[in-house]
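K.L.:
Please find final_20.json (JSON, C-alpha atoms) on the next line:
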[["chain", "number", "residue", "atom", "x", "y", "z"],
["A", 1028, "MET", "CA", -58.10, 33.70, -1.72],
["A", 1029, "MET", "CA", -54.45, 32.77, -1.78],
["A", 1030, "LYS", "CA", -52.30, 35.04, -3.84],
["A", 1031, "THR", "CA", -50.06, 33.38, -6.38],
["A", 1032, "LYS", "CA", -46.44, 34.39, -6.13],
["A", 1033, "LYS", "CA", -45.15, 36.02, -9.29],
["A", 1034, "ILE", "CA", -41.88, 34.87, -10.74],
["A", 1035, "GLY", "CA", -39.53, 37.83, -10.89],
["A", 1036, "LEU", "CA", -37.29, 38.80, -13.80],
["A", 1037, "HIS", "CA", -34.20, 37.91, -11.75],
["A", 1038, "THR", "CA", -35.30, 34.24, -11.79],
["A", 1039, "PHE", "CA", -35.26, 34.12, -15.58],
["A", 1040, "MET", "CA", -31.90, 35.92, -15.64],
["A", 1041, "ALA", "CA", -30.41, 33.03, -13.65],
["A", 1042, "VAL", "CA", -31.57, 30.43, -16.20],
["A", 1043, "PRO", "CA", -28.70, 30.91, -18.72],
["A", 1044, "ALA", "CA", -26.11, 30.60, -15.94],
["A", 1045, "PHE", "CA", -27.78, 27.44, -14.64],
["A", 1046, "LEU", "CA", -27.93, 25.92, -18.13],
["A", 1047, "LEU", "CA", -24.22, 26.59, -18.66],
["A", 1048, "PHE", "CA", -23.45, 25.08, -15.25],
["A", 1049, "ALA", "CA", -25.53, 22.02, -16.06],
["A", 1050, "VAL", "CA", -24.08, 21.48, -19.54],
["A", 1051, "PHE", "CA", -20.43, 22.11, -18.72],
["A", 1052, "PHE", "CA", -20.25, 20.79, -15.14],
["A", 1053, "LEU", "CA", -23.16, 18.64, -13.97],
["A", 1054, "TYR", "CA", -23.46, 16.59, -17.16],
["A", 1055, "PRO", "CA", -19.70, 15.84, -17.50],
["A", 1056, "LEU", "CA", -19.56, 15.06, -13.78],
["A", 1057, "SER", "CA", -22.42, 12.56, -14.00],
["A", 1058, "GLN", "CA", -20.88, 10.98, -17.10],
["A", 1059, "GLY", "CA", -17.51, 10.72, -15.38],
["A", 1060, "ILE", "CA", -19.02, 9.02, -12.32],
["A", 1061, "TRP", "CA", -20.87, 6.55, -14.56],
["A", 1062, "MET", "CA", -17.75, 5.90, -16.63],
["A", 1063, "SER", "CA", -15.71, 5.14, -13.51],
["A", 1064, "LEU", "CA", -18.11, 2.28, -12.75],
["A", 1065, "THR", "CA", -17.54, 0.59, -16.11],
["A", 1066, "ASP", "CA", -14.77, -1.27, -17.93],
["A", 1067, "TRP", "CA", -14.91, 1.06, -20.94],
["A", 1068, "ASP", "CA", -11.78, 1.02, -23.07],
["A", 1069, "GLY", "CA", -12.68, 4.13, -25.06],
["A", 1070, "ILE", "CA", -13.90, 2.22, -28.11],
["A", 1071, "SER", "CA", -16.14, -0.77, -27.41],
["A", 1072, "ARG", "CA", -19.37, -0.94, -25.43],
["A", 1073, "ALA", "CA", -19.02, -0.18, -21.70],
["A", 1074, "ASN", "CA", -20.05, -2.80, -19.16],
["A", 1075, "PHE", "CA", -21.05, -1.95, -15.60],
["A", 1076, "ILE", "CA", -18.57, -3.40, -13.07],
["A", 1077, "GLY", "CA", -19.40, -1.43, -9.92],
["A", 1078, "LEU", "CA", -16.52, -0.34, -7.70],
["A", 1079, "ARG", "CA", -13.98, -2.77, -9.16],
["A", 1080, "ASN", "CA", -11.86, 0.05, -10.67],
["A", 1081, "PHE", "CA", -11.51, 1.70, -7.26],
["A", 1082, "PHE", "CA", -10.51, -1.56, -5.59],
["A", 1083, "ASP", "CA", -8.02, -2.30, -8.38],
["A", 1084, "PHE", "CA", -6.41, 1.10, -7.90],
["A", 1085, "PHE", "CA", -5.57, 0.48, -4.24],
["A", 1086, "LYS", "CA", -4.20, -2.96, -5.14],
["A", 1087, "ASP", "CA", -1.81, -1.47, -7.72],
["A", 1088, "SER", "CA", 1.64, -0.87, -6.18],
["A", 1089, "ARG", "CA", 2.53, 1.52, -9.00],
["A", 1090, "ALA", "CA", -0.55, 3.65, -8.25],
["A", 1091, "ILE", "CA", 0.28, 3.78, -4.52],
["A", 1092, "ALA", "CA", 3.85, 4.81, -5.39],
["A", 1093, "ASP", "CA", 2.44, 7.56, -7.63],
["A", 1094, "ILE", "CA", 0.37, 8.88, -4.72],
["A", 1095, "LYS", "CA", 3.57, 8.99, -2.66],
["A", 1096, "ASN", "CA", 5.44, 10.83, -5.43],
["A", 1097, "THR", "CA", 2.61, 13.33, -5.81],
["A", 1098, "LEU", "CA", 2.47, 14.03, -2.07],
["A", 1099, "ILE", "CA", 6.26, 14.40, -1.81],
["A", 1100, "PHE", "CA", 6.26, 16.89, -4.66],
["A", 1101, "ALA", "CA", 3.37, 18.84, -3.13],
["A", 1102, "LEU", "CA", 4.94, 18.88, 0.35],
["A", 1103, "GLY", "CA", 8.12, 20.30, -1.16],
["A", 1104, "SER", "CA", 6.58, 22.67, -3.69],
["A", 1105, "ALA", "CA", 3.55, 24.27, -1.98],
["A", 1106, "PRO", "CA", 5.31, 25.53, 1.20],
["A", 1107, "LEU", "CA", 8.34, 26.76, -0.78],
["A", 1108, "LEU", "CA", 6.12, 28.61, -3.23],
["A", 1109, "ASN", "CA", 4.47, 30.48, -0.38],
["A", 1110, "LEU", "CA", 7.72, 31.26, 1.43],
["A", 1111, "VAL", "CA", 9.59, 32.41, -1.69],
["A", 1112, "GLY", "CA", 6.55, 34.30, -3.00],
["A", 1113, "LEU", "CA", 6.13, 36.10, 0.33],
["A", 1114, "GLY", "CA", 9.83, 36.94, 0.42],
["A", 1115, "TYR", "CA", 9.67, 38.37, -3.09],
["A", 1116, "ALA", "CA", 6.55, 40.37, -2.18],
["A", 1117, "LEU", "CA", 8.16, 41.89, 0.92],
["A", 1118, "LEU", "CA", 11.22, 42.82, -1.15],
["A", 1119, "MET", "CA", 9.22, 44.22, -4.08],
["A", 1120, "ASN", "CA", 6.99, 46.21, -1.74],
["A", 1121, "GLY", "CA", 9.94, 48.40, -0.79],
["A", 1122, "LYS", "CA", 11.20, 51.47, -2.60],
["A", 1123, "PHE", "CA", 14.26, 51.07, -4.77],
["A", 1124, "LYS", "CA", 15.39, 51.87, -8.29],
["A", 1125, "GLY", "CA", 14.39, 49.38, -10.97],
["A", 1126, "LYS", "CA", 11.58, 47.87, -8.91],
["A", 1127, "GLY", "CA", 9.27, 47.61, -11.93],
["A", 1128, "ILE", "CA", 11.84, 45.70, -13.99],
["A", 1129, "ALA", "CA", 12.57, 43.40, -11.06],
["A", 1130, "ARG", "CA", 8.86, 42.59, -10.69],
["A", 1131, "VAL", "CA", 8.58, 41.78, -14.38],
["A", 1132, "MET", "CA", 11.65, 39.52, -14.31],
["A", 1133, "ILE", "CA", 10.31, 37.59, -11.31],
["A", 1134, "TYR", "CA", 6.85, 37.18, -12.82],
["A", 1135, "LEU", "CA", 8.04, 36.44, -16.38],
["A", 1136, "PRO", "CA", 8.56, 32.63, -15.97],
["A", 1137, "ALA", "CA", 4.92, 32.23, -14.87],
["A", 1138, "ILE", "CA", 3.60, 33.25, -18.31],
["A", 1139, "ILE", "CA", 5.68, 30.60, -20.11],
["A", 1140, "SER", "CA", 4.08, 27.21, -20.73],
["A", 1141, "PRO", "CA", 5.23, 24.74, -18.03],
["A", 1142, "LEU", "CA", 5.80, 22.15, -20.75],
["A", 1143, "ILE", "CA", 8.17, 24.50, -22.59],
["A", 1144, "MET", "CA", 9.82, 25.46, -19.30],
["A", 1145, "GLY", "CA", 10.37, 21.80, -18.52],
["A", 1146, "TYR", "CA", 12.04, 21.18, -21.88],
["A", 1147, "ILE", "CA", 14.24, 24.26, -21.40],
["A", 1148, "TRP", "CA", 15.49, 23.00, -18.04],
["A", 1149, "TYR", "CA", 15.88, 19.52, -19.47],
["A", 1150, "MET", "CA", 18.35, 20.88, -22.02],
["A", 1151, "LEU", "CA", 20.10, 23.07, -19.44],
["A", 1152, "LEU", "CA", 20.70, 20.16, -17.06],
["A", 1153, "GLN", "CA", 22.01, 17.65, -19.57],
["A", 1154, "PRO", "CA", 25.33, 16.16, -18.36],
["A", 1155, "ASP", "CA", 28.35, 16.76, -20.63],
["A", 1156, "ARG", "CA", 26.47, 19.09, -22.98],
["A", 1157, "GLY", "CA", 24.02, 21.25, -21.01],
["A", 1158, "PHE", "CA", 24.55, 24.92, -20.17],
["A", 1159, "VAL", "CA", 24.79, 24.23, -16.43],
["A", 1160, "PHE", "CA", 27.50, 21.62, -17.07],
["A", 1161, "HIS", "CA", 29.56, 24.05, -19.17],
["A", 1162, "ALA", "CA", 29.05, 26.84, -16.61],
["A", 1163, "LEU", "CA", 30.33, 24.57, -13.82],
["A", 1164, "ASP", "CA", 33.13, 23.35, -16.07],
["A", 1165, "LEU", "CA", 34.43, 26.91, -16.43],
["A", 1166, "ILE", "CA", 35.03, 27.08, -12.68],
["A", 1167, "GLY", "CA", 36.28, 23.49, -12.46],
["A", 1168, "LYS", "CA", 33.15, 22.15, -10.71],
["A", 1169, "SER", "CA", 31.54, 20.14, -13.52],
["A", 1170, "SER", "CA", 31.63, 17.00, -11.38],
["A", 1171, "LEU", "CA", 28.94, 18.57, -9.18],
["A", 1172, "LEU", "CA", 26.33, 18.26, -11.93],
["A", 1173, "GLY", "CA", 26.26, 14.52, -12.44],
["A", 1174, "ASN", "CA", 23.07, 12.96, -13.81],
["A", 1175, "TRP", "CA", 20.58, 14.93, -11.74],
["A", 1176, "LEU", "CA", 17.66, 13.77, -13.88],
["A", 1177, "GLY", "CA", 18.64, 10.12, -13.51],
["A", 1178, "ASP", "CA", 18.75, 9.98, -9.70],
["A", 1179, "TYR", "CA", 15.47, 9.82, -7.78],
["A", 1180, "THR", "CA", 16.37, 12.16, -4.92],
["A", 1181, "ALA", "CA", 18.15, 14.72, -7.10],
["A", 1182, "CYS", "CA", 15.42, 14.47, -9.71],
["A", 1183, "MET", "CA", 12.62, 15.24, -7.24],
["A", 1184, "VAL", "CA", 14.58, 18.19, -5.84],
["A", 1185, "VAL", "CA", 15.08, 19.55, -9.37],
["A", 1186, "LEU", "CA", 11.36, 19.20, -10.14],
["A", 1187, "VAL", "CA", 10.39, 21.07, -6.97],
["A", 1188, "LEU", "CA", 12.93, 23.86, -7.52],
["A", 1189, "VAL", "CA", 11.96, 24.36, -11.17],
["A", 1190, "ASN", "CA", 8.27, 24.52, -10.23],
["A", 1191, "VAL", "CA", 8.99, 27.03, -7.45],
["A", 1192, "TRP", "CA", 11.20, 29.13, -9.74],
["A", 1193, "GLN", "CA", 8.47, 29.31, -12.36],
["A", 1194, "TYR", "CA", 5.44, 30.07, -10.19],
["A", 1195, "ALA", "CA", 6.90, 32.07, -7.29],
["A", 1196, "GLY", "CA", 6.18, 35.24, -9.27],
["A", 1197, "MET", "CA", 2.48, 34.41, -9.46],
["A", 1198, "THR", "CA", 2.40, 33.85, -5.71],
["A", 1199, "MET", "CA", 4.31, 37.11, -5.24],
["A", 1200, "VAL", "CA", 1.69, 39.13, -7.12],
["A", 1201, "ILE", "CA", -1.11, 37.97, -4.79],
["A", 1202, "TYR", "CA", 0.95, 38.65, -1.68],
["A", 1203, "LEU", "CA", 2.02, 42.02, -3.07],
["A", 1204, "ALA", "CA", -1.61, 43.01, -3.60],
["A", 1205, "GLY", "CA", -2.33, 42.05, 0.00],
["A", 1206, "LEU", "CA", 0.64, 44.05, 1.32],
["A", 1207, "GLN", "CA", -0.36, 47.15, -0.58],
["A", 1208, "SER", "CA", -3.88, 47.00, 0.86],
["A", 1209, "ILE", "CA", -2.61, 47.24, 4.47],
["A", 1210, "PRO", "CA", -3.13, 50.80, 5.80],
["A", 1211, "ASP", "CA", 0.07, 52.64, 6.74],
["A", 1212, "GLU", "CA", -1.66, 53.82, 9.92],
["A", 1213, "LEU", "CA", -1.39, 50.33, 11.38],
["A", 1214, "TYR", "CA", 2.40, 50.31, 10.99],
["A", 1215, "GLU", "CA", 2.63, 53.83, 12.40],
["A", 1216, "SER", "CA", 0.58, 52.81, 15.45],
["A", 1217, "ALA", "CA", 2.75, 49.74, 15.95],
["A", 1218, "LYS", "CA", 5.88, 51.89, 15.70],
["A", 1219, "ILE", "CA", 4.53, 54.31, 18.32],
["A", 1220, "ASP", "CA", 3.89, 51.33, 20.61],
["A", 1221, "GLY", "CA", 7.56, 50.37, 20.25],
["A", 1222, "ALA", "CA", 7.15, 47.45, 17.84],
["A", 1223, "GLY", "CA", 10.16, 46.56, 15.71],
["A", 1224, "PHE", "CA", 10.22, 44.99, 12.25],
["A", 1225, "TRP", "CA", 9.50, 41.43, 13.41],
["A", 1226, "ASP", "CA", 6.74, 42.47, 15.81],
["A", 1227, "SER", "CA", 5.08, 44.53, 13.07],
["A", 1228, "PHE", "CA", 5.40, 41.61, 10.68],
["A", 1229, "ARG", "CA", 3.92, 39.16, 13.17],
["A", 1230, "TYR", "CA", 1.08, 41.24, 14.60],
["A", 1231, "VAL", "CA", 0.21, 43.51, 11.66],
["A", 1232, "THR", "CA", 1.43, 42.10, 8.34],
["A", 1233, "MET", "CA", 0.60, 38.41, 8.78],
["A", 1234, "PRO", "CA", -2.96, 38.89, 10.19],
["A", 1235, "MET", "CA", -3.80, 41.34, 7.41],
["A", 1236, "LEU", "CA", -2.37, 38.96, 4.80],
["A", 1237, "LEU", "CA", -4.59, 36.03, 5.77],
["A", 1238, "PRO", "CA", -6.93, 36.41, 2.73],
["A", 1239, "SER", "CA", -3.89, 36.38, 0.41],
["A", 1240, "ILE", "CA", -2.40, 33.46, 2.32],
["A", 1241, "ARG", "CA", -5.61, 31.49, 1.88],
["A", 1242, "ILE", "CA", -5.69, 32.11, -1.88],
["A", 1243, "ASN", "CA", -2.03, 31.18, -2.34],
["A", 1244, "VAL", "CA", -2.16, 28.11, -0.12],
["A", 1245, "VAL", "CA", -5.23, 26.72, -1.89],
["A", 1246, "THR", "CA", -3.98, 27.42, -5.43],
["A", 1247, "ASN", "CA", -0.49, 26.09, -4.68],
["A", 1248, "ILE", "CA", -1.87, 22.90, -3.13],
["A", 1249, "ILE", "CA", -4.10, 22.31, -6.15],
["A", 1250, "GLY", "CA", -1.32, 23.08, -8.62],
["A", 1251, "SER", "CA", 1.25, 20.92, -6.82],
["A", 1252, "LEU", "CA", -1.02, 17.88, -6.44],
["A", 1253, "ALA", "CA", -2.19, 18.14, -10.06],
["A", 1254, "VAL", "CA", 1.30, 18.67, -11.50],
["A", 1255, "PHE", "CA", 1.76, 17.22, -14.99],
["A", 1256, "ASP", "CA", 3.64, 19.34, -17.54],
["A", 1257, "ILE", "CA", 6.94, 19.95, -15.76],
["A", 1258, "VAL", "CA", 7.31, 16.32, -14.70],
["A", 1259, "MET", "CA", 6.40, 15.10, -18.17],
["A", 1260, "ALA", "CA", 8.95, 17.36, -19.87],
["A", 1261, "LEU", "CA", 11.81, 16.99, -17.40],
["A", 1262, "THR", "CA", 11.70, 13.31, -16.44],
["A", 1263, "ASP", "CA", 8.73, 11.69, -18.21],
["A", 1264, "GLY", "CA", 7.99, 10.15, -14.82],
["A", 1265, "GLY", "CA", 11.41, 8.49, -14.69],
["A", 1266, "PRO", "CA", 13.80, 7.06, -13.91],
["A", 1267, "GLY", "CA", 11.40, 4.16, -14.33],
["A", 1268, "TYR", "CA", 8.28, 5.33, -12.52],
["A", 1269, "ALA", "CA", 10.25, 7.03, -9.72],
["A", 1270, "THR", "CA", 8.79, 10.51, -10.33],
["A", 1271, "GLU", "CA", 5.51, 9.55, -12.01],
["A", 1272, "THR", "CA", 2.60, 11.52, -10.55],
["A", 1273, "LEU", "CA", -1.09, 10.65, -10.43],
["A", 1274, "SER", "CA", -1.93, 12.97, -13.33],
["A", 1275, "ILE", "CA", 0.62, 11.23, -15.55],
["A", 1276, "TYR", "CA", -0.66, 7.84, -14.38],
["A", 1277, "ILE", "CA", -4.21, 8.83, -15.35],
["A", 1278, "MET", "CA", -3.07, 9.92, -18.81],
["A", 1279, "ARG", "CA", -1.15, 6.68, -19.41],
["A", 1280, "MET", "CA", -4.04, 4.49, -18.23],
["A", 1281, "CYS", "CA", -6.44, 6.39, -20.50],
["A", 1282, "TYR", "CA", -4.21, 5.97, -23.55],
["A", 1283, "GLY", "CA", -3.68, 2.35, -22.51],
["A", 1284, "SER", "CA", -7.33, 1.54, -23.29],
["A", 1285, "LYS", "CA", -8.38, 1.78, -19.63],
["A", 1286, "THR", "CA", -10.67, 4.78, -19.91],
["A", 1287, "GLY", "CA", -13.08, 3.63, -17.20],
["A", 1288, "TYR", "CA", -10.24, 2.86, -14.82],
["A", 1289, "SER", "CA", -8.49, 6.18, -15.51],
["A", 1290, "THR", "CA", -11.75, 8.02, -14.77],
["A", 1291, "ALA", "CA", -11.99, 6.24, -11.42],
["A", 1292, "VAL", "CA", -8.42, 7.31, -10.63],
["A", 1293, "ALA", "CA", -9.31, 10.89, -11.58],
["A", 1294, "ILE", "CA", -12.17, 10.82, -9.05],
["A", 1295, "ILE", "CA", -9.79, 9.49, -6.39],
["A", 1296, "MET", "CA", -7.35, 12.25, -7.28],
["A", 1297, "PHE", "CA", -10.15, 14.80, -6.90],
["A", 1298, "PHE", "CA", -10.64, 13.76, -3.26],
["A", 1299, "ILE", "CA", -6.88, 13.65, -2.64],
["A", 1300, "ILE", "CA", -6.79, 17.31, -3.68],
["A", 1301, "LEU", "CA", -10.07, 18.26, -1.99],
["A", 1302, "ILE", "CA", -9.14, 17.07, 1.51],
["A", 1303, "PRO", "CA", -6.02, 19.26, 2.08],
["A", 1304, "VAL", "CA", -7.73, 22.20, 0.37],
["A", 1305, "MET", "CA", -10.71, 22.00, 2.74],
["A", 1306, "ILE", "CA", -8.42, 21.63, 5.76],
["A", 1307, "SER", "CA", -6.29, 24.64, 4.76],
["A", 1308, "MET", "CA", -9.40, 26.77, 4.10],
["A", 1309, "ARG", "CA", -10.82, 25.80, 7.49],
["A", 1310, "LEU", "CA", -7.59, 26.62, 9.31],
["A", 1311, "THR", "CA", -7.09, 29.99, 7.60],
["A", 1312, "ARG", "CA", -10.75, 30.91, 8.15],
["A", 1313, "GLU", "CA", -10.41, 30.21, 11.88],
["A", 1314, "LYS", "CA", -7.24, 32.30, 12.05],
["A", 1315, "GLU", "CA", -8.89, 35.13, 10.18]]
In structure tokens, how does this file's structure come out?

P.N.:
Amino acid sequence: MMKTKKIGLHTFMAVPAFLLFAVFFLYPLSQGIWMSLTDWDGISRANFIGLRNFFDFFKDSRAIADIKNTLIFALGSAPLLNLVGLGYALLMNGKFKGKGIARVMIYLPAIISPLIMGYIWYMLLQPDRGFVFHALDLIGKSSLLGNWLGDYTACMVVLVLVNVWQYAGMTMVIYLAGLQSIPDELYESAKIDGAGFWDSFRYVTMPMLLPSIRINVVTNIIGSLAVFDIVMALTDGGPGYATETLSIYIMRMCYGSKTGYSTAVAIIMFFIILIPVMISMRLTREKE
């Protein structure tokens, strides 16, 4: 006779987790995919239209420009976040007086809402009445300020720098944790072999930091491509649509009674974020 396999207790223990996953992920995902294939305006009955929303997106010059803006912001923000965060971590990993206070001051902007941070910098950078203008005016350099938030190039640079300034501390914490997990014996062995600072950094620090690098690269790519709050507060996507990102475009389409279309754009944005994340994870895994 064939013996029937008993269902273990561990199987039933997984049921609540699966139910939560199904209710809060699988069901919304399936609804979102269905919604993207309709012309739903958020109020009236939805009609199935197939892939028309996706085709309309790639025909929209404003949407293509928003992809460009999003990629430019990410290409400026994500690498800088990692470089500045790593620099902070190397500095904060040393021994000096007031290190704890310095760490807190660097990390402090990360706990403030990005929307509030955007409004703070908006007020600081106002020409003729902002703090930065008055500070430059004291040294006779007020003409350097200009209308930074009204010029496309200057505006994008400001957005990138503000984002880096706010979240570099969060990147620093992850790198700092990685640095402190490296055994001192490795540096001592490298020193005995005649390795200097740069050789130790290249052949000891960087290889041992690869898990931290992977975490920071992935999170910074996701955060930069999905940026919303800082852009909304600082420029509102302006001047015109010059700094409008995909996340802002999705929000405006949704509130513009194009719920089905905005859902389709959100799915496209998901793949725009997924592709570089998968590539970066593959590259860092191979290096590791």

K.L.:
So which one's closest to A:Phe1081, A:Phe1052, A:Phe1123, A:Phe1255, A:Tyr1288? Using only C-alpha atoms, please.

P.N.:
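Answer, going by the shortest atom-to-atom distance: A:Tyr1288.
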
K.L.:
Atom CA of A:Asn1174 and atom CA of A:Glu1271 are how many Å apart?

P.N.:
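Spanning atom CA of A:Asn1174 to atom CA of A:Glu1271 is a straight-line distance of 18.0 Å.
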
K.L.:
Just to confirm, what's the straight-line distance from atom CA of A:Ser1104 to atom CA of A:Val1187 in Å (one decimal)?

P.N.:
5.3 Å

K.L.:
How many Å separate atom CA of A:Thr1262 from atom CA of A:Gly1157?

P.N.:
15.4 Å

K.L.:
Let me make sure I understand: among A:Ala1195, A:Leu1107, A:Lys1124, A:Gly1112, which one has the smallest atom-to-atom distance to A:Ile1138 if we use only C-alpha atoms?

P.N.:
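Comparing A:Ala1195, A:Leu1107, A:Lys1124, A:Gly1112 against A:Ile1138, the winner is A:Ala1195.
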
K.L.:
Please provide the set of residues having any atom within 8 Å of A:Leu1176, restricted to all atoms listed in the file, with same-chain residues fewer than 4 positions apart removed, written as a short mmCIF file (atom, residue, chain, number, x, y, z; two decimals) with C-alpha atoms, in the coordinates of the input.

P.N.:
data_model
loop_
_atom_site.label_atom_id
_atom_site.label_comp_id
_atom_site.auth_asym_id
_atom_site.auth_seq_id
_atom_site.Cartn_x
_atom_site.Cartn_y
_atom_site.Cartn_z
CA LEU A 1152 20.70 20.16 -17.06
CA ALA A 1181 18.15 14.72 -7.10
CA CYS A 1182 15.42 14.47 -9.71
CA VAL A 1185 15.08 19.55 -9.37
CA LEU A 1261 11.81 16.99 -17.40
CA THR A 1262 11.70 13.31 -16.44
CA PRO A 1266 13.80 7.06 -13.91
#

K.L.:
Tell me, counting only C-alpha atoms, for each residue of stretch 1258-1291 of chain A within 7 Å of stretch 1067-1070 of chain A, which pair of atoms is nearest and how far apart they are in Å to one decimal, in rows ordered by chain and increasing number, as JSON lines.

P.N.:
{"residue": "A:Ser1284", "atom": "CA", "partner": "A:Asp1068", "partner_atom": "CA", "distance": 4.5}
{"residue": "A:Lys1285", "atom": "CA", "partner": "A:Asp1068", "partner_atom": "CA", "distance": 4.9}
{"residue": "A:Thr1286", "atom": "CA", "partner": "A:Asp1068", "partner_atom": "CA", "distance": 5.0}
{"residue": "A:Gly1287", "atom": "CA", "partner": "A:Trp1067", "partner_atom": "CA", "distance": 4.9}

K.L.:
Quick one: axis-aligned box around all listed atoms of stretch 1059-1066 of chain A, 4 Å on every side, centre and edge lengths in Å to one decimal, written as JSON.

P.N.:
{"center_x": -17.8, "center_y": 4.7, "center_z": -15.1, "size_x": 14.1, "size_y": 20.0, "size_z": 13.6}

K.L.:
Quick one: of A:Gly1205, A:Pro1238, A:Asp1083, A:Ile1306, who's nearest to A:Ala1116, counting all atoms listed in the file?

P.N.:
A:Gly1205

K.L.:
For a quick check of understanding, using only C-alpha atoms, which of A:Ile1275, A:Ile1240, A:Val1254, A:Met1197 has the smallest distance to A:Phe1100?

P.N.:
A:Val1254

K.L.:
Please list as a VMD selection string every residue within 12 Å of A:Ile1302, counting all atoms listed in the file and excluding residues in the same chain fewer than 5 positions away.

P.N.:
chain A and resid 1245 1248 to 1249 1252 1295 to 1297 1307 to 1309

K.L.:
List the neighbours of A:Thr1270 out to 7 Å using all atoms listed in the file; skip same-chain residues closer than 2 positions along the sequence, and give me the result as a VMD selection string.

P.N.:
chain A and resid 1096 1183 1264 to 1265 1268 1272

K.L.:
Show me, as a ChimeraX atom specification, the residues that have an atom within 6 Å of stretch 1057-1066 of chain A when counting only C-alpha atoms, minus same-chain residues fewer than 4 positions from it.

P.N.:
/A:1073-1078,1287,1290-1291

K.L.:
Let me make sure I understand: among A:Cys1281, A:Met1144, A:Ile1139, A:Ala1269, which one has the smallest atom-to-atom distance to A:Gly1177 if we use all atoms listed in the file?

P.N.:
A:Ala1269

K.L.:
Emit stretch 1046-1058 of chain A of the structure in the block as a file comprising N, CA, C and O atoms, as a compact mmCIF listing (two decimals), in the first residue's frame.

P.N.:
# COMPACT_ATOMS: atom_id res chain seq x y z
N LEU A 1046 -1.43 34.26 2.39
CA LEU A 1046 -2.67 35.04 2.28
C LEU A 1046 -2.36 36.54 2.24
O LEU A 1046 -2.95 37.29 1.45
N LEU A 1047 -1.47 36.99 3.11
CA LEU A 1047 -1.09 38.40 3.10
C LEU A 1047 -0.45 38.79 1.77
O LEU A 1047 -0.71 39.86 1.22
N PHE A 1048 0.41 37.91 1.25
CA PHE A 1048 1.07 38.17 -0.03
C PHE A 1048 0.04 38.25 -1.15
O PHE A 1048 0.13 39.10 -2.03
N ALA A 1049 -0.95 37.36 -1.10
CA ALA A 1049 -1.97 37.34 -2.14
C ALA A 1049 -2.87 38.57 -2.08
O ALA A 1049 -3.19 39.17 -3.11
N VAL A 1050 -3.26 38.95 -0.86
CA VAL A 1050 -4.19 40.08 -0.70
C VAL A 1050 -3.52 41.41 -1.01
O VAL A 1050 -4.10 42.27 -1.68
N PHE A 1051 -2.29 41.59 -0.53
CA PHE A 1051 -1.65 42.89 -0.64
C PHE A 1051 -0.67 43.02 -1.81
O PHE A 1051 -0.13 44.10 -2.04
N PHE A 1052 -0.42 41.92 -2.54
CA PHE A 1052 0.47 42.02 -3.71
C PHE A 1052 -0.16 41.42 -4.97
O PHE A 1052 -0.32 42.12 -5.97
N LEU A 1053 -0.53 40.14 -4.91
CA LEU A 1053 -1.01 39.48 -6.12
C LEU A 1053 -2.33 40.09 -6.61
O LEU A 1053 -2.49 40.33 -7.82
N TYR A 1054 -3.26 40.34 -5.68
CA TYR A 1054 -4.54 40.91 -6.09
C TYR A 1054 -4.39 42.32 -6.65
O TYR A 1054 -4.91 42.61 -7.74
N PRO A 1055 -3.69 43.24 -5.96
CA PRO A 1055 -3.50 44.58 -6.56
C PRO A 1055 -2.75 44.53 -7.88
O PRO A 1055 -3.04 45.31 -8.79
N LEU A 1056 -1.78 43.61 -8.00
CA LEU A 1056 -1.03 43.49 -9.25
C LEU A 1056 -1.94 43.06 -10.40
O LEU A 1056 -1.90 43.66 -11.49
N SER A 1057 -2.78 42.08 -10.15
CA SER A 1057 -3.69 41.61 -11.20
C SER A 1057 -4.70 42.70 -11.57
O SER A 1057 -5.01 42.89 -12.75
N GLN A 1058 -5.18 43.44 -10.57
CA GLN A 1058 -6.11 44.53 -10.84
C GLN A 1058 -5.44 45.65 -11.63
O GLN A 1058 -6.05 46.26 -12.51
